[in-house]
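Trainee: Got query-v7.txt for you, compact mmCIF, C-alpha atoms:
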```
# COMPACT_ATOMS: atom_id res chain seq x y z
CA MET Z 1 -2.50 -3.91 -31.20
CA LYS Z 2 -6.09 -4.17 -32.43
CA ARG Z 3 -6.99 -6.37 -29.44
CA TYR Z 4 -5.39 -3.78 -27.14
CA LEU Z 5 -7.41 -0.93 -28.68
CA GLU Z 6 -10.64 -2.88 -28.24
CA SER Z 7 -9.81 -3.67 -24.61
CA THR Z 8 -8.93 -0.01 -23.98
CA LEU Z 9 -12.34 1.10 -25.23
CA LEU Z 10 -14.03 -1.49 -23.02
CA ALA Z 11 -12.02 -0.24 -20.08
CA CYS Z 12 -13.19 3.28 -20.83
CA LYS Z 13 -16.80 2.18 -20.79
CA GLY Z 14 -16.52 -0.03 -17.72
CA GLY Z 15 -13.74 1.42 -15.57
CA LEU Z 16 -14.64 3.68 -12.65
CA VAL Z 17 -12.02 6.32 -13.30
CA ILE Z 18 -12.47 6.73 -17.04
CA ALA Z 19 -16.21 6.17 -17.11
CA SER Z 20 -16.71 9.00 -14.65
CA VAL Z 21 -15.02 11.48 -16.97
CA CYS Z 22 -16.56 10.05 -20.13
CA THR Z 23 -20.01 10.26 -18.54
CA LEU Z 24 -19.94 13.66 -16.90
CA ALA Z 25 -18.11 15.40 -19.69
CA LEU Z 26 -21.04 14.66 -21.98
CA LEU Z 27 -23.87 15.64 -19.64
CA PRO Z 28 -23.68 19.45 -20.00
CA MET Z 29 -23.74 19.26 -23.79
CA LYS Z 30 -26.88 20.35 -25.58
CA GLY Z 31 -27.97 18.65 -28.78
CA VAL Z 32 -24.95 16.36 -29.09
CA ALA Z 33 -25.33 13.84 -31.87
CA ASP Z 34 -23.15 10.76 -32.10
CA VAL Z 35 -21.61 11.54 -35.46
CA THR Z 36 -18.11 11.58 -36.88
CA PRO Z 37 -16.56 14.18 -39.17
CA GLU Z 38 -16.52 11.59 -41.96
CA SER Z 39 -20.25 10.93 -41.75
CA ALA Z 40 -21.47 14.43 -40.93
CA SER Z 41 -22.21 16.64 -43.88
CA ASP Z 42 -21.15 19.77 -42.00
CA LYS Z 43 -18.09 18.12 -40.41
CA THR Z 44 -19.27 18.72 -36.86
CA ILE Z 45 -17.55 16.75 -34.12
CA THR Z 46 -18.95 15.70 -30.75
CA LEU Z 47 -17.31 15.15 -27.40
CA PRO Z 48 -17.90 11.34 -27.42
CA TRP Z 49 -16.11 11.16 -30.76
CA VAL Z 50 -13.21 13.25 -29.45
CA LEU Z 51 -12.76 11.07 -26.35
CA GLU Z 52 -12.86 7.86 -28.36
CA LYS Z 53 -10.40 9.22 -30.90
CA THR Z 54 -8.09 10.38 -28.12
CA LEU Z 55 -8.15 6.98 -26.39
CA LEU Z 56 -7.24 5.18 -29.60
CA SER Z 57 -4.58 7.51 -30.98
CA ASN Z 58 -3.06 9.66 -28.24
CA PRO Z 59 0.75 9.28 -28.43
CA GLN Z 60 1.15 9.23 -24.64
CA LEU Z 61 -1.02 6.11 -24.39
CA GLN Z 62 0.60 4.12 -27.17
CA SER Z 63 3.47 2.74 -25.07
CA PHE Z 64 1.19 1.01 -22.57
CA PRO Z 65 0.82 -2.32 -24.49
CA TYR Z 66 4.59 -2.74 -24.42
CA GLU Z 67 4.83 -1.84 -20.73
CA LEU Z 68 2.10 -4.38 -20.02
CA ARG Z 69 4.07 -7.06 -21.87
CA VAL Z 70 7.15 -6.22 -19.81
CA SER Z 71 5.15 -6.59 -16.58
CA GLU Z 72 3.74 -9.93 -17.69
CA ALA Z 73 7.21 -11.15 -18.64
CA LEU Z 74 8.62 -10.12 -15.25
CA THR Z 75 5.77 -11.94 -13.52
CA LEU Z 76 6.65 -15.05 -15.50
CA GLN Z 77 10.31 -14.63 -14.59
CA ALA Z 78 9.51 -14.30 -10.90
CA GLY Z 79 7.85 -17.72 -10.85
CA ILE Z 80 10.77 -19.61 -12.39
CA THR Z 81 12.47 -22.02 -9.98
CA PRO Z 82 16.22 -22.83 -10.15
CA ASN Z 83 17.17 -25.63 -12.52
CA PRO Z 84 18.99 -28.75 -11.23
CA LYS Z 85 22.75 -28.95 -11.80
CA LEU Z 86 24.68 -31.85 -13.31
CA SER Z 87 28.29 -32.25 -12.22
CA VAL Z 88 31.04 -34.58 -13.48
CA GLU Z 89 34.34 -35.16 -11.61
CA LEU Z 90 37.36 -37.13 -12.87
CA GLU Z 91 40.03 -38.14 -10.32
CA ASN Z 92 43.28 -40.13 -10.48
CA LEU Z 93 43.57 -39.55 -14.22
CA LEU Z 94 46.83 -39.42 -16.24
CA GLY Z 95 49.01 -39.36 -13.14
CA THR Z 96 52.39 -40.98 -12.45
CA GLY Z 97 53.41 -44.29 -11.00
CA ASP Z 98 50.35 -46.37 -10.13
CA LYS Z 99 48.12 -43.58 -11.34
CA GLN Z 100 49.27 -43.66 -14.95
CA GLY Z 101 46.66 -43.91 -17.68
CA VAL Z 102 42.98 -44.16 -16.96
CA GLU Z 103 42.83 -47.58 -15.35
CA ASN Z 104 42.68 -46.18 -11.81
CA ALA Z 105 40.47 -43.24 -12.69
CA GLU Z 106 37.54 -42.39 -10.47
CA ILE Z 107 34.52 -40.75 -12.02
CA SER Z 108 31.72 -39.05 -10.09
CA LEU Z 109 28.38 -38.13 -11.66
CA GLY Z 110 26.25 -35.89 -9.47
CA LEU Z 111 22.85 -34.20 -9.70
CA SER Z 112 22.02 -31.38 -7.28
CA GLN Z 113 19.06 -29.08 -6.74
CA LEU Z 114 18.90 -25.71 -4.96
CA ILE Z 115 15.86 -25.61 -2.68
CA GLU Z 116 14.62 -22.09 -1.94
CA LEU Z 117 13.36 -21.59 1.60
CA GLY Z 118 11.50 -18.65 3.13
CA ASP Z 119 8.75 -18.70 0.47
CA LYS Z 120 11.06 -16.77 -1.87
CA ARG Z 121 9.34 -17.77 -5.10
CA GLN Z 122 5.86 -16.73 -3.95
CA ARG Z 123 7.13 -13.42 -2.61
CA ARG Z 124 8.86 -12.70 -5.92
CA ILE Z 125 5.57 -13.39 -7.67
CA ASP Z 126 3.69 -11.14 -5.24
CA PHE Z 127 6.20 -8.34 -5.90
CA ALA Z 128 5.81 -8.78 -9.66
CA HIS Z 129 2.01 -8.60 -9.34
CA ALA Z 130 2.32 -5.47 -7.19
CA SER Z 131 4.60 -3.91 -9.81
CA LYS Z 132 2.07 -4.70 -12.50
CA ARG Z 133 -0.74 -3.13 -10.46
CA GLN Z 134 1.45 -0.09 -9.94
CA SER Z 135 1.97 0.23 -13.69
CA LEU Z 136 -1.79 -0.09 -14.24
CA ALA Z 137 -2.45 2.61 -11.62
CA GLU Z 138 0.03 4.94 -13.31
CA TYR Z 139 -1.55 4.24 -16.69
CA GLU Z 140 -5.05 4.93 -15.35
CA LEU Z 141 -3.76 8.23 -13.95
CA LEU Z 142 -2.19 9.12 -17.29
CA ARG Z 143 -5.29 8.09 -19.22
CA LEU Z 144 -7.48 10.26 -17.02
CA GLU Z 145 -5.11 13.20 -17.53
CA VAL Z 146 -5.22 12.73 -21.29
CA LEU Z 147 -9.01 12.53 -21.44
CA SER Z 148 -9.34 15.54 -19.17
CA GLN Z 149 -6.99 17.51 -21.41
CA ALA Z 150 -9.03 16.55 -24.48
CA THR Z 151 -12.27 17.59 -22.76
CA GLN Z 152 -10.71 20.87 -21.66
CA SER Z 153 -9.60 21.57 -25.23
CA TYR Z 154 -13.14 20.83 -26.40
CA TYR Z 155 -14.62 23.27 -23.87
CA GLN Z 156 -12.14 25.94 -24.91
CA LEU Z 157 -13.23 25.51 -28.52
CA LEU Z 158 -16.87 25.85 -27.44
CA ARG Z 159 -15.90 29.03 -25.58
CA LEU Z 160 -14.28 30.56 -28.67
CA GLN Z 161 -17.27 29.59 -30.81
CA ALA Z 162 -19.54 31.32 -28.31
CA LEU Z 163 -17.31 34.41 -28.37
CA LEU Z 164 -17.45 34.41 -32.15
CA GLU Z 165 -21.25 34.40 -32.05
CA TRP Z 166 -21.12 37.10 -29.35
CA ASN Z 167 -18.98 39.32 -31.53
CA GLN Z 168 -21.20 38.71 -34.56
CA HIS Z 169 -24.16 39.84 -32.47
CA GLY Z 170 -22.22 42.96 -31.51
CA ILE Z 171 -21.47 43.67 -35.16
CA GLN Z 172 -25.17 43.41 -35.97
CA ILE Z 173 -26.02 45.86 -33.18
CA GLU Z 174 -23.42 48.35 -34.37
CA GLN Z 175 -24.42 47.98 -38.03
CA LYS Z 176 -27.98 48.74 -37.05
CA ALA Z 177 -26.86 51.75 -35.00
CA LEU Z 178 -24.58 52.99 -37.79
CA LYS Z 179 -27.42 52.85 -40.26
CA ALA Z 180 -29.72 54.84 -37.95
CA ILE Z 181 -26.99 57.42 -37.19
CA ASP Z 182 -26.17 57.82 -40.86
CA LEU Z 183 -29.82 58.56 -41.64
CA ARG Z 184 -29.95 61.18 -38.90
CA ALA Z 185 -26.68 62.71 -40.08
CA LYS Z 186 -28.03 63.01 -43.62
CA ALA Z 187 -31.09 64.72 -42.19
CA GLY Z 188 -28.83 67.15 -40.32
CA ALA Z 189 -30.01 65.99 -36.89
CA VAL Z 190 -26.55 64.87 -35.69
CA ALA Z 191 -22.96 65.66 -36.56
CA LYS Z 192 -20.94 63.69 -39.09
CA ALA Z 193 -18.57 62.78 -36.27
CA ASP Z 194 -21.28 60.52 -34.81
CA VAL Z 195 -21.20 58.46 -37.99
CA THR Z 196 -17.41 58.23 -37.86
CA LYS Z 197 -17.49 57.24 -34.21
CA MET Z 198 -19.86 54.34 -34.82
CA ALA Z 199 -18.03 53.31 -38.00
CA LEU Z 200 -14.82 53.11 -35.98
CA ARG Z 201 -16.50 50.87 -33.38
CA LEU Z 202 -17.79 48.65 -36.16
CA MET Z 203 -14.31 48.30 -37.67
CA ARG Z 204 -12.90 47.38 -34.26
CA ALA Z 205 -15.55 44.68 -33.89
CA ARG Z 206 -14.66 43.28 -37.31
CA SER Z 207 -11.00 43.24 -36.29
CA VAL Z 208 -11.94 41.26 -33.18
CA GLN Z 209 -13.86 38.89 -35.44
CA GLN Z 210 -10.74 38.14 -37.44
CA GLN Z 211 -8.77 37.56 -34.26
CA LEU Z 212 -11.38 35.15 -32.92
CA GLU Z 213 -11.45 33.24 -36.20
CA GLY Z 214 -7.68 32.82 -35.95
CA ASP Z 215 -7.96 31.71 -32.32
CA ILE Z 216 -10.54 29.10 -33.32
CA LEU Z 217 -8.16 27.66 -35.92
CA VAL Z 218 -5.48 27.33 -33.24
CA ALA Z 219 -7.98 25.77 -30.80
CA LYS Z 220 -9.00 23.21 -33.43
CA GLN Z 221 -5.38 22.25 -34.02
CA ARG Z 222 -4.78 21.99 -30.28
CA LEU Z 223 -7.85 19.74 -29.95
CA ALA Z 224 -6.75 17.53 -32.83
CA ALA Z 225 -3.30 17.21 -31.26
CA ASN Z 226 -4.90 15.08 -28.54
CA TRP Z 227 -5.19 12.25 -31.07
CA ALA Z 228 -2.11 13.32 -33.11
CA GLY Z 229 -4.34 14.24 -36.04
CA GLU Z 230 -5.31 17.18 -38.19
CA ALA Z 231 -8.26 19.49 -37.61
CA HIS Z 232 -10.45 18.16 -40.43
CA PHE Z 233 -13.68 19.50 -38.94
CA ASP Z 234 -15.56 22.78 -38.96
CA ARG Z 235 -16.94 23.14 -35.46
CA ALA Z 236 -17.58 21.41 -32.15
CA GLU Z 237 -21.16 20.48 -31.30
CA GLY Z 238 -22.72 21.76 -28.09
CA GLU Z 239 -22.96 24.90 -26.00
CA LEU Z 240 -21.88 25.98 -22.54
CA ALA Z 241 -25.32 26.12 -20.97
CA SER Z 242 -25.88 27.19 -17.37
CA LEU Z 243 -25.53 24.28 -14.96
CA THR Z 244 -28.51 23.74 -12.72
CA GLU Z 245 -26.77 21.30 -10.39
CA LEU Z 246 -23.45 21.47 -8.61
CA PRO Z 247 -21.86 19.00 -6.17
CA SER Z 248 -21.67 19.95 -2.52
CA ALA Z 249 -18.37 20.36 -0.72
CA ALA Z 250 -19.10 17.20 1.29
CA ASP Z 251 -19.64 15.17 -1.88
CA VAL Z 252 -16.37 16.44 -3.29
CA LEU Z 253 -14.42 15.59 -0.14
CA ASN Z 254 -15.97 12.12 0.04
CA ALA Z 255 -14.53 11.42 -3.40
CA ILE Z 256 -10.94 11.72 -2.12
CA GLU Z 257 -10.94 7.98 -1.43
CA THR Z 258 -11.27 7.30 -5.16
CA ALA Z 259 -8.86 10.01 -6.32
CA PRO Z 260 -6.49 8.37 -8.85
CA GLN Z 261 -3.47 10.09 -7.31
CA TYR Z 262 -4.40 8.73 -3.89
CA LEU Z 263 -5.06 5.25 -5.29
CA GLN Z 264 -1.74 5.36 -7.06
CA LEU Z 265 -0.01 6.04 -3.75
CA LEU Z 266 -1.87 3.09 -2.23
CA SER Z 267 -0.46 0.90 -4.98
CA VAL Z 268 3.02 2.28 -4.20
CA GLU Z 269 2.55 1.29 -0.56
CA ARG Z 270 1.53 -2.23 -1.60
CA LEU Z 271 4.56 -2.39 -3.87
CA MET Z 272 6.88 -1.34 -1.04
CA TYR Z 273 5.25 -3.91 1.24
CA ALA Z 274 5.85 -6.64 -1.33
CA LYS Z 275 9.43 -5.44 -1.77
CA ARG Z 276 10.05 -5.66 1.98
CA ARG Z 277 8.72 -9.21 2.08
CA VAL Z 278 11.05 -10.17 -0.77
CA GLU Z 279 14.04 -8.77 1.09
CA GLU Z 280 12.99 -10.51 4.30
CA SER Z 281 12.72 -13.83 2.47
CA LYS Z 282 16.34 -13.48 1.35
CA ALA Z 283 17.37 -13.65 5.02
CA GLN Z 284 16.31 -17.31 5.00
CA TYR Z 285 19.21 -19.44 3.74
CA ASP Z 286 18.68 -21.86 0.90
CA ILE Z 287 19.93 -25.47 0.90
CA THR Z 288 21.34 -27.61 -1.86
CA LEU Z 289 20.66 -31.37 -2.05
CA GLY Z 290 22.47 -33.69 -4.42
CA MET Z 291 23.11 -37.32 -5.25
CA GLY Z 292 25.23 -39.18 -7.72
CA ILE Z 293 27.37 -42.19 -8.57
CA ARG Z 294 31.14 -42.65 -8.11
CA SER Z 295 33.13 -45.37 -9.87
CA TYR Z 296 36.29 -47.03 -8.45
CA ASP Z 297 39.08 -49.28 -9.66
CA GLY Z 298 38.88 -48.47 -13.33
CA PHE Z 299 35.15 -48.43 -13.52
CA ASP Z 300 34.82 -51.90 -11.99
CA ASP Z 301 33.06 -50.77 -8.81
CA ALA Z 302 30.57 -47.99 -8.12
CA ALA Z 303 28.74 -46.46 -5.17
CA LEU Z 304 26.08 -43.89 -4.50
CA MET Z 305 26.99 -40.49 -3.10
CA PHE Z 306 24.82 -37.85 -1.43
CA ASN Z 307 25.46 -34.16 -0.94
CA PHE Z 308 24.04 -31.48 1.33
CA SER Z 309 25.20 -27.89 1.64
CA MET Z 310 24.01 -24.64 3.19
CA PRO Z 311 25.57 -21.35 4.31
CA ILE Z 312 26.60 -20.96 7.92
CA PRO Z 313 24.17 -18.40 9.47
CA LEU Z 314 26.68 -16.24 11.31
CA SER Z 315 24.81 -13.03 10.38
CA ASN Z 316 22.01 -11.75 8.17
CA PRO Z 317 23.67 -10.67 4.90
CA ASN Z 318 20.51 -8.83 3.76
CA GLN Z 319 19.76 -6.76 6.85
CA GLY Z 320 20.65 -3.47 5.12
CA ASN Z 321 18.23 -4.10 2.25
CA ILE Z 322 15.50 -5.04 4.73
CA LEU Z 323 15.94 -1.79 6.64
CA ALA Z 324 15.89 0.19 3.38
CA ALA Z 325 12.68 -1.57 2.27
CA LYS Z 326 11.03 -0.79 5.61
CA ALA Z 327 12.03 2.87 5.29
CA ASN Z 328 10.56 3.06 1.78
CA GLU Z 329 7.33 1.49 3.02
CA SER Z 330 7.08 4.06 5.82
CA LEU Z 331 7.83 6.86 3.34
CA ALA Z 332 4.98 5.69 1.09
CA MET Z 333 2.58 5.82 4.03
CA GLU Z 334 3.69 9.34 4.96
CA GLN Z 335 3.26 10.47 1.36
CA GLN Z 336 -0.31 9.19 1.46
CA LYS Z 337 -1.08 11.36 4.47
CA LEU Z 338 0.56 14.40 2.85
CA VAL Z 339 -1.22 13.96 -0.48
CA ARG Z 340 -4.56 13.37 1.23
CA GLY Z 341 -4.26 16.71 3.05
CA GLN Z 342 -3.19 18.50 -0.12
CA LEU Z 343 -6.06 16.97 -2.09
CA LYS Z 344 -8.56 18.11 0.52
CA LEU Z 345 -7.33 21.71 0.36
CA THR Z 346 -7.16 21.71 -3.45
CA LEU Z 347 -10.66 20.27 -3.85
CA LEU Z 348 -12.16 22.79 -1.44
CA GLU Z 349 -10.49 25.67 -3.30
CA ILE Z 350 -11.67 24.46 -6.70
CA HIS Z 351 -15.17 23.79 -5.38
CA GLN Z 352 -15.45 27.29 -3.91
CA SER Z 353 -14.17 28.82 -7.16
CA MET Z 354 -16.76 26.82 -9.09
CA VAL Z 355 -19.55 28.02 -6.78
CA ASN Z 356 -18.34 31.61 -7.14
CA SER Z 357 -18.26 31.33 -10.93
CA ALA Z 358 -21.75 29.81 -10.93
CA ARG Z 359 -23.05 32.68 -8.80
CA GLN Z 360 -21.44 35.20 -11.12
CA ALA Z 361 -22.97 33.51 -14.17
CA SER Z 362 -26.42 33.55 -12.57
CA LEU Z 363 -26.08 37.22 -11.60
CA LEU Z 364 -24.98 38.19 -15.10
CA GLN Z 365 -27.70 36.19 -16.83
CA LYS Z 366 -30.68 36.89 -14.59
CA GLN Z 367 -30.07 40.43 -13.43
CA LEU Z 368 -27.32 42.33 -15.22
CA GLN Z 369 -28.08 41.22 -18.78
CA PRO Z 370 -31.80 42.20 -18.67
CA LEU Z 371 -30.83 45.60 -17.24
CA ALA Z 372 -28.23 46.14 -19.95
CA GLN Z 373 -30.74 45.18 -22.66
CA GLN Z 374 -33.26 47.61 -21.20
CA LEU Z 375 -30.59 50.32 -21.02
CA LEU Z 376 -29.66 49.84 -24.66
CA LYS Z 377 -33.28 49.91 -25.78
CA GLU Z 378 -34.00 53.10 -23.84
CA THR Z 379 -30.78 54.74 -25.02
CA GLU Z 380 -31.54 53.93 -28.66
CA PHE Z 381 -34.97 55.51 -28.31
CA ALA Z 382 -33.49 58.55 -26.55
CA TYR Z 383 -30.89 58.94 -29.28
CA GLN Z 384 -33.55 58.84 -31.96
CA THR Z 385 -35.37 61.68 -30.21
CA GLY Z 386 -32.18 63.67 -29.64
CA GLN Z 387 -32.09 63.23 -25.86
CA THR Z 388 -28.67 61.47 -25.76
CA ASN Z 389 -25.48 61.65 -27.80
CA VAL Z 390 -23.59 58.95 -29.65
CA LEU Z 391 -21.15 58.38 -26.78
CA GLN Z 392 -23.99 57.41 -24.49
CA LEU Z 393 -25.35 55.09 -27.16
CA ALA Z 394 -21.93 53.49 -27.61
CA ASP Z 395 -21.58 53.11 -23.87
CA ALA Z 396 -24.95 51.32 -23.63
CA GLN Z 397 -23.90 48.96 -26.43
CA SER Z 398 -20.60 48.25 -24.68
CA GLU Z 399 -22.36 47.49 -21.39
CA LEU Z 400 -24.53 44.83 -22.99
CA LEU Z 401 -21.69 43.26 -24.99
CA ASN Z 402 -19.33 43.22 -22.01
CA ILE Z 403 -21.93 41.51 -19.84
CA LYS Z 404 -22.53 38.88 -22.52
CA ARG Z 405 -18.81 38.19 -22.75
CA GLU Z 406 -18.44 37.99 -18.96
CA LEU Z 407 -21.30 35.50 -18.96
CA ILE Z 408 -19.50 33.30 -21.49
CA GLU Z 409 -16.30 33.43 -19.44
CA ALA Z 410 -18.13 32.65 -16.18
CA LYS Z 411 -19.91 29.64 -17.71
CA THR Z 412 -16.63 28.39 -19.14
CA ALA Z 413 -15.00 28.72 -15.72
CA VAL Z 414 -17.75 26.59 -14.13
CA TYR Z 415 -17.27 23.84 -16.71
CA LEU Z 416 -13.49 23.83 -16.41
CA GLN Z 417 -13.56 23.85 -12.61
CA LYS Z 418 -16.07 21.00 -12.57
CA LEU Z 419 -13.87 19.09 -14.99
CA GLU Z 420 -10.87 19.69 -12.73
CA LEU Z 421 -12.79 18.23 -9.78
CA GLU Z 422 -13.53 15.15 -11.88
CA ARG Z 423 -9.92 14.84 -12.98
CA ILE Z 424 -8.66 14.94 -9.40
CA THR Z 425 -11.31 12.69 -7.86
CA GLY Z 426 -11.75 10.29 -10.77
CA GLN Z 427 -15.52 10.55 -10.32
CA SER Z 428 -18.32 12.20 -12.21
CA MET Z 429 -19.51 15.12 -10.16
CA SER Z 430 -22.98 14.55 -11.62
CA ALA Z 431 -23.06 10.92 -10.52
CA VAL Z 432 -22.35 11.40 -6.82
CA HIS Z 433 -25.15 12.17 -4.34
CA GLN Z 434 -25.84 15.77 -5.26
CA ARG Z 435 -28.39 18.19 -3.97
CA GLN Z 436 -30.58 20.37 -6.07
CA LEU Z 437 -29.55 23.98 -5.76
CA SER Z 438 -32.08 26.60 -4.72
CA HIS Z 439 -33.75 28.73 -7.39
CA SER Z 440 -30.64 30.86 -7.86
CA PHE Z 441 -26.92 30.14 -7.65
CA LEU Z 442 -26.77 33.34 -5.59
CA ASN Z 443 -28.28 31.46 -2.65
CA THR Z 444 -25.89 28.53 -2.91
CA GLU Z 445 -23.51 27.97 0.00
CA PRO Z 446 -20.88 25.21 0.25
CA MET Z 447 -22.31 22.39 2.37
CA THR Z 448 -20.26 21.15 5.27
CA ALA Z 449 -19.75 17.51 6.17
CA GLN Z 450 -21.94 17.96 9.27
CA GLU Z 451 -24.78 19.33 7.19
CA ASN Z 452 -24.41 16.50 4.73
CA ASN Z 453 -24.87 13.99 7.52
```
Let me see the structure of the file written as structure tokens.
Mentor:
Amino acid sequence: MKRYLESTLLACKGGLVIASVCTLALLPMKGVADVTPESASDKTITLPWVLEKTLLSNPQLQSFPYELRVSEALTLQAGITPNPKLSVELENLLGTGDKQGVENAEISLGLSQLIELGDKRQRRIDFAHASKRQSLAEYELLRLEVLSQATQSYYQLLRLQALLEWNQHGIQIEQKALKAIDLRAKAGAVAKADVTKMALRLMRARSVQQQLEGDILVAKQRLAANWAGEAHFDRAEGELASLTELPSAADVLNAIETAPQYLQLLSVERLMYAKRRVEESKAQYDITLGMGIRSYDGFDDAALMFNFSMPIPLSNPNQGNILAAKANESLAMEQQKLVRGQLKLTLLEIHQSMVNSARQASLLQKQLQPLAQQLLKETEFAYQTGQTNVLQLADAQSELLNIKRELIEAKTAVYLQKLELERITGQSMSAVHQRQLSHSFLNTEPMTAQENN
């Protein structure tokens, strides 16, 4: 098992499918240190640590070593040739009259060998190899799904941590406002109801804080479930920063050829092809050759004997299985075409959603957030001078906080949609030939295949 775990880690570092996820998933992270919860004083985990832990301990991946042994055993079995047969015949033994006793007995010792024709052995081996490659393709698909799920859980934890900081910032704003309102109320400049109104908003924010803390505990447990462990860590390292680079639609579509689901269907087609060849080889009749020795006259005389046998080819006894194998091969090819079209549509939809989320994040960060900050600052000054009431002040605070939360959600959506593209294509969307976006995501348009050329 130890050797398997080491080889799995090497496959993660060197394999195209897994390396693409392992690589890209780390790129957006800011300030990620390669530490483990055991060695970090603050028990902070990183995404590399999570992916490694998931690869080694995820329950869904633990059965693969046994499945690999089964495939290897079946490959060995496919290459075994029929053993020779030894036959012994006794004739004219313990009869009546002249055939009494064993004096007139005739004994035949024969050795025969079944000779397989039609290249049956090699085609069985080819089918076993194709089955093994199919199992490997399914495992690669599962391993990519597992790593993607772990990365998604990590991003969701980062999102909740960002929301917790967002809410703490809101509490600070409302505490500051409550203090200023209370001073004005004591001076008789505003009504006591203004103090109550802001105190109520502050209590609501603290209630949200408790809810977010509970959600973070659940998110930690969900993340730890990826390696069947406990959440013995305090926080996840990193932040959901704005992405400055996105793949074009053409780059995404070009990655269909390496999509694990598509490659898995290719392996199914190869398996069906190998199965058809096995069935076709069974249409070729085998022959049996033998030789032996026969004794006569009470073992006094002996002679050699030869034997040859084969079925009479009146019809093909395997024609039904051959037709079924051909139909399965054709079905696999049709499924490839269907899945390819579905993948194209799915990738375009996810790509467009990612671009839309990136535009929204840019709009919120570069335009709406500065306006909301300016509005809050002006409203606070106007409230101090008695030009606005507490409802207007609360509304200005809500505008800023809502925009900050929408920004967190938009950034999270970009990360998750980019991760989904990587999961489907099996490639890092930061490693393909990308183009630098213009100064703002607002000016980004999906690039067509013609433009890419």
Trainee: For a quick check of understanding, using all atoms listed in the file, which of Z:Ala332, Z:Ile350, Z:Leu117, Z:Leu147 has the smallest distance to Ser267 of chain Z?
Mentor: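 Nearest to Ser267 of chain Z: Z:Ala332.
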Trainee: Residues of segment 228-293 of chain Z that approach segment 311-325 of chain Z to 8 Å or less, counting all atoms listed in the file: could you list each one with the shortest pair of atoms and its distance in Å to one decimal, rows by chain and increasing residue number, as a tab-separated table?
Mentor:
```
residue	atom	partner	partner_atom	distance
Z:Met272	CA	Z:Ala325	CA	6.7
Z:Tyr273	CA	Z:Ala325	CA	7.9
Z:Lys275	CA	Z:Ala325	CA	6.5
Z:Arg276	CA	Z:Ala325	CA	4.9
Z:Glu279	CA	Z:Ile322	CA	5.4
Z:Glu280	CA	Z:Ile322	CA	6.0
Z:Lys282	CA	Z:Asn318	CA	6.7
Z:Ala283	CA	Z:Asn318	CA	5.9
Z:Tyr285	CA	Z:Pro311	CA	6.7
Z:Asp286	CA	Z:Pro311	CA	7.7
Z:Ile287	CA	Z:Pro311	CA	7.8
```
Trainee: What lies within 12 Å of segment 373-375 of chain Z using only C-alpha atoms, ignoring chain neighbours under 6 positions off, as a list in words?
Mentor: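 With the cut-off at 12 Å, the set is Ile173, Leu364, Gln365, Lys366, Gln367, Phe381, Ala382, Tyr383, Gln392, Leu393, Ala394, Asp395, Ala396, Gln397, Ser398, Glu399, Leu400, Leu401, Asn402, Ile403 and Lys404 of chain Z.
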Trainee: What's the separation between atom CA of Ser148 of chain Z and atom CA of Glu52 of chain Z, in Å to one decimal place?
Mentor: 12.5 Å
Trainee: Rounded to one decimal place, report the atom CA of Ala130 of chain Z-atom CA of Leu271 of chain Z distance in Å.
Mentor: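 So the answer is 5.1 Å.
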Trainee: With distances taken over all atoms listed in the file, which of Z:Val390, Z:Asn104, Z:Glu329, Z:Leu240 is nearest to Lys192 of chain Z?
Mentor: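 Among Z:Val390, Z:Asn104, Z:Glu329, Z:Leu240, it is Z:Val390 that comes nearest to Lys192 of chain Z.
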Trainee: So, counting all atoms listed in the file, which residue among Z:Ala241, Z:Ala73, Z:Leu61, Z:Leu407 is closest to Leu163 of chain Z?
Mentor: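 Of all the options, Z:Leu407 lies closest to Leu163 of chain Z.
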Trainee: Which is closer to Ser87 of chain Z than all the others in Z:Ala413, Z:Leu223, Z:Leu55, Z:Ile293, using all atoms listed in the file?
Mentor: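 That would be Z:Ile293, the residue with the smallest distance to Ser87 of chain Z.
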Trainee: Report, in Å with one decimal, the straight-line distance from atom CA of Glu237 of chain Z to atom CA of Ile216 of chain Z.
Mentor: 13.8 Å
Trainee: Given all atoms listed in the file as the basis, pick out the residue of Z:Gly341, Z:Pro247, Z:Pro84, Z:Gly229 nearest to Leu289 of chain Z.
Mentor: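 Among the listed residues, the smallest separation from Leu289 of chain Z belongs to Z:Pro84.
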Trainee: From the options Z:Met354, Z:Leu178, Z:Leu136, Z:Leu421, which residue's atoms come nearest to Glu67 of chain Z, counting only C-alpha atoms?
Mentor: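 Looking at the shortest contact to Glu67 of chain Z, the residue is Z:Leu136.
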Trainee: Need the shell around Ser153 of chain Z: protein/DNA/RNA residues with any atom at most 12 Å away, counting all atoms listed in the file. Skip same-chain ones fewer than 5 positions apart. Format as a VMD selection string?
Mentor: chain Z and resid 25 47 50 to 51 54 146 to 148 158 to 160 216 218 to 227 236 412 415 to 416 419
Trainee: For a quick check of your reading of the model, name the residues lying within 7 Å of the coordinate (26.5, -34.5, -2.5), counting all atoms listed in the file, and write them as an NGL selection string.
Mentor: :Z and (289-291 or 305-308)
